[in-house]
Amino acid sequence: MSEEGYFRHAEAVMGTVVSFLLAEDGLAFTEVLAATEKAAAELHRLDQIFSLWREDSPMWRLRAGSLAAEELPPEIPAVLALCAEVREETGGNFDPWALPGGLDPTGLVKGWAIERVGALLQGAGIPAGIVNGGGDMTAFGRPPAGPAWQVGIQHPWRRERLACVVGLAPGQSLATSGRYERGEHLFTPLPAAGSVRTASVSVVGPSLARSDAYATALSVAAAPASLAKMLPAGYESYIVFEDGAEEATTGFPFADPPPDGDDNRGTPLHP
Amino acid sequence: MTRLKGAFATLAAVVGFAAVLVAHTLIGSSVPASLRSAAGNRPGGSPSNSSKTPTTTVPGPAGVTGNHIVTGKVTGYGYGEVAVRLQVDNGRIVSVKVAKLLTADSYSQQIAQQVIPMLAREVMAAQSARISAISGATYTSEGYAYSVQSALDALKKG
């Protein structure tokens, strides 16, 4: 896409980098900058509520049992209610209550926060854009060309290549979960029995909070292909397994083959 | 933005710095003059001119034919020196690597090593003619960032 008419910003927050790609059509540069600053401030505020690395965060204190009821920010029960729904929807494969270190909604919070900030930017009059938190993103408004934003999915073991390209329609989100960046950071609540592990799982759907959590659940599920078909309507997934096999649900929005033909989808994969 | 401090400021500075460095790399090599649109060429208040608002705006090498490997000048930044090597294949940046990295301390080195792969992705997305963003597994850990923060705080006090 052309850089013309788009504002880019990268914000270090929530233990990762959140990047903003925002259309400026009809707006003054200072308006876009002000909206971005507000969005970034909101991400820092939510980080301060949910961080499990700060002993003064409400989430940390809730776990420690030292948070008074009147100090509970409304964001925490809202997120935990969503976590409980997702736990049901994923048959327990996403379960923030089953983690060894105690209640940890981190697998949903980042997507939830980015989704919220995307809505905030739209409310501020930004006509279109993508907010991308370390690879998990929400897209809104008219794409630079065609009906969908073109988004690449990083290949799990060929760092310089894409596994495929997705056409992300306005109002849709995309989250990718994988074992390749942080090593064995994914905890498996339901151990797999001799099945091939996933290398990379991507989920597309309307809510980034859910896409993020579903991608985590599919990454650790004993039978991810079966779970993928059981997800709520509107959520589609694409899985690359460690043996190189790929599996996608029928509605996963692969981009049409690009004119330059460099979409890697369908080429043999070798670890 | 305005809330960056400590390790986050370092992260942001590396991102902002390295984005500018990539632009310098292109400008400083044998790339045609038509490509020499510097990063952040926006008049007044350009984010990439400010360490508070790092951006990854970079010019793409569209129009360059053939395969080229170009290395940027070794450039100093707040926490050390870095040089970036780009491989350009028929108008596309196909890889971004660090040719040289000297840091004042091991914490800065760890931060730079975390940030640079992220930057590489951002650069590849930014210069692509058709890709708006790249999705992938999260590349930095919150615990890591906070432990770096605390270590830097301890260093400052010490």
# chains A, B, ... in the order shown; residues from 1 in each chain; ligands from 1

call {"tool": "residues_around", "arguments": {"residues": "Ala23 of chain A", "least_positions_apart": "3", "cutoff": "12 Å", "atoms": "only C-alpha atoms", "output": "mmCIF file with N, CA, C and O atoms, in the first residue's frame"}}
result
data_model
loop_
_atom_site.group_PDB
_atom_site.id
_atom_site.type_symbol
_atom_site.label_atom_id
_atom_site.label_comp_id
_atom_site.auth_asym_id
_atom_site.auth_seq_id
_atom_site.Cartn_x
_atom_site.Cartn_y
_atom_site.Cartn_z
ATOM 1 N N MET A 1 0.832 -1.189 0.000
ATOM 2 C CA MET A 1 0.000 0.000 0.000
ATOM 3 C C MET A 1 0.868 1.240 0.000
ATOM 4 O O MET A 1 1.999 1.229 0.441
ATOM 5 N N SER A 2 0.296 2.310 -0.446
ATOM 6 C CA SER A 2 1.054 3.556 -0.469
ATOM 7 C C SER A 2 1.125 4.160 0.924
ATOM 8 O O SER A 2 0.182 4.082 1.692
ATOM 9 N N GLU A 3 2.252 4.757 1.227
ATOM 10 C CA GLU A 3 2.392 5.418 2.517
ATOM 11 C C GLU A 3 1.691 6.773 2.509
ATOM 12 O O GLU A 3 1.454 7.367 3.544
ATOM 13 N N GLU A 4 1.397 7.255 1.305
ATOM 14 C CA GLU A 4 0.776 8.571 1.139
ATOM 15 C C GLU A 4 -0.566 8.603 1.869
ATOM 16 O O GLU A 4 -1.396 7.725 1.694
ATOM 17 N N GLY A 5 -0.783 9.617 2.700
ATOM 18 C CA GLY A 5 -2.075 9.763 3.342
ATOM 19 C C GLY A 5 -2.268 8.909 4.579
ATOM 20 O O GLY A 5 -3.357 8.863 5.133
ATOM 21 N N TYR A 6 -1.222 8.227 5.028
ATOM 22 C CA TYR A 6 -1.323 7.415 6.237
ATOM 23 C C TYR A 6 -0.311 7.870 7.276
ATOM 24 O O TYR A 6 0.823 8.234 6.953
ATOM 25 N N PHE A 7 -0.757 7.822 8.512
ATOM 26 C CA PHE A 7 0.080 8.162 9.656
ATOM 27 C C PHE A 7 0.480 6.860 10.333
ATOM 28 O O PHE A 7 -0.360 5.989 10.552
ATOM 29 N N ARG A 8 1.770 6.719 10.653
ATOM 30 C CA ARG A 8 2.224 5.524 11.369
ATOM 31 C C ARG A 8 2.843 5.921 12.691
ATOM 32 O O ARG A 8 3.581 6.905 12.774
ATOM 33 N N HIS A 9 2.538 5.139 13.695
ATOM 34 C CA HIS A 9 3.139 5.384 15.003
ATOM 35 C C HIS A 9 3.352 4.047 15.700
ATOM 36 O O HIS A 9 2.538 3.135 15.575
ATOM 37 N N PHE A 20 0.228 1.794 14.976
ATOM 38 C CA PHE A 20 -0.976 2.423 14.439
ATOM 39 C C PHE A 20 -0.718 2.773 12.984
ATOM 40 O O PHE A 20 0.327 3.340 12.662
ATOM 41 N N GLY A 26 -8.923 14.112 5.098
ATOM 42 C CA GLY A 26 -9.746 15.218 5.568
ATOM 43 C C GLY A 26 -9.431 15.699 6.971
ATOM 44 O O GLY A 26 -10.100 16.570 7.489
ATOM 45 N N LEU A 27 -8.409 15.115 7.607
ATOM 46 C CA LEU A 27 -8.082 15.527 8.967
ATOM 47 C C LEU A 27 -6.763 16.293 8.980
ATOM 48 O O LEU A 27 -5.878 16.038 8.168
ATOM 49 N N ALA A 28 -6.646 17.209 9.918
ATOM 50 C CA ALA A 28 -5.363 17.878 10.106
ATOM 51 C C ALA A 28 -4.413 16.897 10.784
ATOM 52 O O ALA A 28 -4.840 16.040 11.558
ATOM 53 N N PHE A 29 -3.125 17.023 10.479
ATOM 54 C CA PHE A 29 -2.127 16.128 11.074
ATOM 55 C C PHE A 29 -2.212 16.174 12.598
ATOM 56 O O PHE A 29 -2.105 15.149 13.273
ATOM 57 N N GLU A 31 -4.785 16.644 14.436
ATOM 58 C CA GLU A 31 -5.949 15.886 14.917
ATOM 59 C C GLU A 31 -5.618 14.394 15.005
ATOM 60 O O GLU A 31 -5.992 13.728 15.966
ATOM 61 N N VAL A 32 -4.921 13.888 13.977
ATOM 62 C CA VAL A 32 -4.545 12.471 13.976
ATOM 63 C C VAL A 32 -3.582 12.196 15.131
ATOM 64 O O VAL A 32 -3.705 11.202 15.852
ATOM 65 N N LEU A 33 -2.640 13.110 15.310
ATOM 66 C CA LEU A 33 -1.651 12.956 16.387
ATOM 67 C C LEU A 33 -2.350 12.959 17.747
ATOM 68 O O LEU A 33 -2.046 12.128 18.608
ATOM 69 N N ALA A 35 -5.464 12.174 18.466
ATOM 70 C CA ALA A 35 -6.242 10.939 18.632
ATOM 71 C C ALA A 35 -5.316 9.774 18.974
ATOM 72 O O ALA A 35 -5.641 8.934 19.821
ATOM 73 N N THR A 36 -4.142 9.746 18.338
ATOM 74 C CA THR A 36 -3.182 8.672 18.606
ATOM 75 C C THR A 36 -2.658 8.763 20.030
ATOM 76 O O THR A 36 -2.498 7.750 20.712
ATOM 77 N N LEU A 121 -10.503 5.310 18.426
ATOM 78 C CA LEU A 121 -9.979 6.081 17.289
ATOM 79 C C LEU A 121 -11.091 6.391 16.293
ATOM 80 O O LEU A 121 -11.164 7.501 15.760
ATOM 81 N N GLN A 122 -11.967 5.427 16.057
ATOM 82 C CA GLN A 122 -13.102 5.670 15.155
ATOM 83 C C GLN A 122 -13.997 6.758 15.733
ATOM 84 O O GLN A 122 -14.456 7.638 15.009
ATOM 85 N N GLY A 125 -12.998 10.191 15.056
ATOM 86 C CA GLY A 125 -13.119 10.668 13.684
ATOM 87 C C GLY A 125 -12.079 10.149 12.712
ATOM 88 O O GLY A 125 -12.040 10.572 11.556
ATOM 89 N N ILE A 126 -11.226 9.228 13.171
ATOM 90 C CA ILE A 126 -10.254 8.633 12.242
ATOM 91 C C ILE A 126 -11.049 7.744 11.274
ATOM 92 O O ILE A 126 -11.760 6.832 11.701
ATOM 93 N N PRO A 127 -10.946 8.003 9.974
ATOM 94 C CA PRO A 127 -11.843 7.303 9.034
ATOM 95 C C PRO A 127 -11.487 5.831 8.815
ATOM 96 O O PRO A 127 -12.374 5.029 8.518
ATOM 97 N N ALA A 128 -10.212 5.484 8.930
ATOM 98 C CA ALA A 128 -9.815 4.110 8.632
ATOM 99 C C ALA A 128 -8.452 3.839 9.227
ATOM 100 O O ALA A 128 -7.656 4.759 9.426
ATOM 101 N N GLY A 129 -8.177 2.577 9.494
ATOM 102 C CA GLY A 129 -6.851 2.247 9.995
ATOM 103 C C GLY A 129 -6.742 0.841 10.534
ATOM 104 O O GLY A 129 -7.701 0.065 10.510
ATOM 105 N N ILE A 130 -5.535 0.535 10.990
ATOM 106 C CA ILE A 130 -5.243 -0.743 11.637
ATOM 107 C C ILE A 130 -4.485 -0.436 12.919
ATOM 108 O O ILE A 130 -3.542 0.357 12.916
ATOM 109 N N VAL A 131 -4.908 -1.043 14.025
ATOM 110 C CA VAL A 131 -4.126 -0.991 15.263
ATOM 111 C C VAL A 131 -3.603 -2.408 15.475
ATOM 112 O O VAL A 131 -4.380 -3.361 15.547
ATOM 113 N N ALA A 139 -8.993 -3.915 12.320
ATOM 114 C CA ALA A 139 -9.003 -3.038 11.144
ATOM 115 C C ALA A 139 -10.362 -2.368 11.041
ATOM 116 O O ALA A 139 -11.385 -2.983 11.355
ATOM 117 N N PHE A 140 -10.378 -1.102 10.649
ATOM 118 C CA PHE A 140 -11.656 -0.412 10.483
ATOM 119 C C PHE A 140 -11.564 0.553 9.305
ATOM 120 O O PHE A 140 -10.490 1.006 8.938
ATOM 121 N N GLY A 141 -12.722 0.838 8.728
ATOM 122 C CA GLY A 141 -12.784 1.832 7.648
ATOM 123 C C GLY A 141 -12.306 1.292 6.303
ATOM 124 O O GLY A 141 -11.910 0.138 6.163
ATOM 125 N N ARG A 142 -12.365 2.174 5.325
ATOM 126 C CA ARG A 142 -12.088 1.785 3.941
ATOM 127 C C ARG A 142 -10.603 1.445 3.744
ATOM 128 O O ARG A 142 -9.732 2.247 4.047
ATOM 129 N N PRO A 143 -10.318 0.250 3.229
ATOM 130 C CA PRO A 143 -8.924 -0.140 2.966
ATOM 131 C C PRO A 143 -8.318 0.705 1.839
ATOM 132 O O PRO A 143 -9.053 1.312 1.063
ATOM 133 N N PRO A 144 -6.983 0.732 1.739
ATOM 134 C CA PRO A 144 -6.322 1.537 0.710
ATOM 135 C C PRO A 144 -6.761 1.152 -0.705
ATOM 136 O O PRO A 144 -6.839 1.991 -1.591
ATOM 137 N N SER B 132 -0.586 -4.165 4.390
ATOM 138 C CA SER B 132 -0.740 -3.069 5.349
ATOM 139 C C SER B 132 -0.137 -3.403 6.704
ATOM 140 O O SER B 132 0.222 -2.519 7.467
#

call {"tool": "select_by_dssp", "arguments": {"residues": "segment 18-200 of chain A", "states": "alpha helix (DSSP H)", "output": "NGL selection string"}}
result
:A and (29-50 or 58-64 or 75-89 or 106-123)

call {"tool": "write_last_selection", "arguments": {"atoms": "C-alpha atoms", "output": "PDB file, in the first residue's frame"}}
result
ATOM      1  CA  PHE A  29      -2.127  16.128  11.074  1.00  0.00           C
ATOM      2  CA  THR A  30      -2.492  17.513  14.610  1.00  0.00           C
ATOM      3  CA  GLU A  31      -5.949  15.886  14.917  1.00  0.00           C
ATOM      4  CA  VAL A  32      -4.545  12.471  13.976  1.00  0.00           C
ATOM      5  CA  LEU A  33      -1.651  12.956  16.387  1.00  0.00           C
ATOM      6  CA  ALA A  34      -3.988  13.974  19.226  1.00  0.00           C
ATOM      7  CA  ALA A  35      -6.242  10.939  18.632  1.00  0.00           C
ATOM      8  CA  THR A  36      -3.182   8.672  18.606  1.00  0.00           C
ATOM      9  CA  GLU A  37      -1.916  10.158  21.864  1.00  0.00           C
ATOM     10  CA  LYS A  38      -5.286   9.520  23.506  1.00  0.00           C
ATOM     11  CA  ALA A  39      -5.312   5.957  22.192  1.00  0.00           C
ATOM     12  CA  ALA A  40      -1.788   5.348  23.489  1.00  0.00           C
ATOM     13  CA  ALA A  41      -2.679   6.837  26.873  1.00  0.00           C
ATOM     14  CA  GLU A  42      -5.669   4.484  27.088  1.00  0.00           C
ATOM     15  CA  LEU A  43      -3.408   1.493  26.384  1.00  0.00           C
ATOM     16  CA  HIS A  44      -1.060   2.577  29.191  1.00  0.00           C
ATOM     17  CA  ARG A  45      -4.025   3.057  31.532  1.00  0.00           C
ATOM     18  CA  LEU A  46      -5.357  -0.448  30.789  1.00  0.00           C
ATOM     19  CA  ASP A  47      -1.842  -1.860  31.156  1.00  0.00           C
ATOM     20  CA  GLN A  48      -1.648  -0.340  34.620  1.00  0.00           C
ATOM     21  CA  ILE A  49      -4.944  -2.017  35.564  1.00  0.00           C
ATOM     22  CA  PHE A  50      -4.144  -5.495  34.236  1.00  0.00           C
ATOM     23  CA  PRO A  58      -5.436  -3.758  40.585  1.00  0.00           C
ATOM     24  CA  MET A  59      -5.188  -7.154  38.819  1.00  0.00           C
ATOM     25  CA  TRP A  60      -2.111  -8.127  40.836  1.00  0.00           C
ATOM     26  CA  ARG A  61      -3.739  -6.979  44.051  1.00  0.00           C
ATOM     27  CA  LEU A  62      -6.961  -8.829  43.212  1.00  0.00           C
ATOM     28  CA  ARG A  63      -4.939 -12.039  42.910  1.00  0.00           C
ATOM     29  CA  ALA A  64      -3.128 -11.265  46.140  1.00  0.00           C
ATOM     30  CA  GLU A  75     -12.690  -3.141  33.429  1.00  0.00           C
ATOM     31  CA  ILE A  76     -11.673  -6.199  35.488  1.00  0.00           C
ATOM     32  CA  PRO A  77     -15.132  -7.808  35.928  1.00  0.00           C
ATOM     33  CA  ALA A  78     -15.892  -7.000  32.281  1.00  0.00           C
ATOM     34  CA  VAL A  79     -12.771  -8.860  31.130  1.00  0.00           C
ATOM     35  CA  LEU A  80     -13.284 -11.779  33.512  1.00  0.00           C
ATOM     36  CA  ALA A  81     -16.891 -12.213  32.322  1.00  0.00           C
ATOM     37  CA  LEU A  82     -15.605 -12.382  28.757  1.00  0.00           C
ATOM     38  CA  CYS A  83     -12.911 -14.868  29.832  1.00  0.00           C
ATOM     39  CA  ALA A  84     -15.595 -17.106  31.352  1.00  0.00           C
ATOM     40  CA  GLU A  85     -17.594 -17.043  28.103  1.00  0.00           C
ATOM     41  CA  VAL A  86     -14.504 -17.892  26.053  1.00  0.00           C
ATOM     42  CA  ARG A  87     -13.611 -20.719  28.442  1.00  0.00           C
ATOM     43  CA  GLU A  88     -17.018 -22.254  27.707  1.00  0.00           C
ATOM     44  CA  GLU A  89     -16.737 -21.657  23.952  1.00  0.00           C
ATOM     45  CA  THR A 106      -3.374 -11.838  29.758  1.00  0.00           C
ATOM     46  CA  GLY A 107      -4.266 -14.063  26.778  1.00  0.00           C
ATOM     47  CA  LEU A 108      -7.387 -11.985  26.179  1.00  0.00           C
ATOM     48  CA  VAL A 109      -6.562  -8.569  27.664  1.00  0.00           C
ATOM     49  CA  LYS A 110      -4.226  -7.341  24.935  1.00  0.00           C
ATOM     50  CA  GLY A 111      -6.723  -8.084  22.162  1.00  0.00           C
ATOM     51  CA  TRP A 112      -9.523  -6.616  24.238  1.00  0.00           C
ATOM     52  CA  ALA A 113      -7.532  -3.422  24.859  1.00  0.00           C
ATOM     53  CA  ILE A 114      -6.572  -3.017  21.196  1.00  0.00           C
ATOM     54  CA  GLU A 115     -10.164  -3.608  20.094  1.00  0.00           C
ATOM     55  CA  ARG A 116     -11.258  -0.899  22.524  1.00  0.00           C
ATOM     56  CA  VAL A 117      -8.650   1.536  21.272  1.00  0.00           C
ATOM     57  CA  GLY A 118      -9.695   0.884  17.663  1.00  0.00           C
ATOM     58  CA  ALA A 119     -13.246   1.917  18.604  1.00  0.00           C
ATOM     59  CA  LEU A 120     -11.860   4.971  20.410  1.00  0.00           C
ATOM     60  CA  LEU A 121      -9.979   6.081  17.289  1.00  0.00           C
ATOM     61  CA  GLN A 122     -13.102   5.670  15.155  1.00  0.00           C
ATOM     62  CA  GLY A 123     -15.029   7.704  17.706  1.00  0.00           C
TER      63      GLY A 123
END

call {"tool": "closest_atom_pairs", "arguments": {"of": "chain A", "to": "chain B", "cutoff": "7 Å", "atoms": "only C-alpha atoms", "output": "tab-separated table"}}
result
residue	atom	partner	partner_atom	distance
A:Met1	CA	B:Ala129	CA	4.5
A:Ser2	CA	B:Ala129	CA	6.5
A:Arg8	CA	B:Thr55	CA	5.8
A:His9	CA	B:Thr55	CA	4.5
A:Ala10	CA	B:Thr55	CA	5.4
A:Ala12	CA	B:Phe8	CA	6.0
A:Met14	CA	B:Glu142	CA	6.3
A:Gly15	CA	B:Glu142	CA	3.6
A:Thr16	CA	B:Thr140	CA	5.2
A:Glu37	CA	B:Met1	CA	6.4
A:Trp53	CA	B:Gly143	CA	6.3
A:Gly134	CA	B:Thr138	CA	4.9
A:Gly135	CA	B:Ser135	CA	3.9
A:Asp136	CA	B:Ser135	CA	6.1
A:Trp149	CA	B:Ser132	CA	6.6
A:Gln150	CA	B:Ile131	CA	5.0
A:Val151	CA	B:Ala133	CA	5.0
A:Gly152	CA	B:Ile134	CA	4.7
A:Ile153	CA	B:Ser135	CA	4.7
A:Gln154	CA	B:Gly136	CA	5.2
A:Glu160	CA	B:Ser95	CA	6.2
A:Ala175	CA	B:Ser135	CA	6.8
A:Thr176	CA	B:Gly136	CA	5.2
A:Ser177	CA	B:Ala137	CA	4.9
A:Gly178	CA	B:Ala137	CA	5.0
A:Glu181	CA	B:Tyr139	CA	5.5
A:Arg182	CA	B:Tyr139	CA	6.6

call {"tool": "residues_around", "arguments": {"residues": "Met230 of chain A", "least_positions_apart": "3", "cutoff": "12 Å", "atoms": "only C-alpha atoms", "output": "list in words"}}
result
Glu88, Glu89, Thr90, Gly91, Tyr214, Ala217, Leu218, Ala223, Pro224, Ala225, Ser226, Leu227, Ala233, Gly234, Tyr235, Glu236, Ser237 and Thr249 of chain A

call {"tool": "atom_distance", "arguments": {"atom1": "atom CA of Leu99 of chain A", "atom2": "atom CA of Arg197 of chain A"}}
result
19.6 Å

call {"tool": "atom_distance", "arguments": {"atom1": "atom CA of Ser200 of chain A", "atom2": "atom CA of Leu52 of chain A"}}
result
25.3 Å

call {"tool": "atom_distance", "arguments": {"atom1": "atom CA of Leu162 of chain A", "atom2": "atom CA of Glu24 of chain A"}}
result
28.0 Å
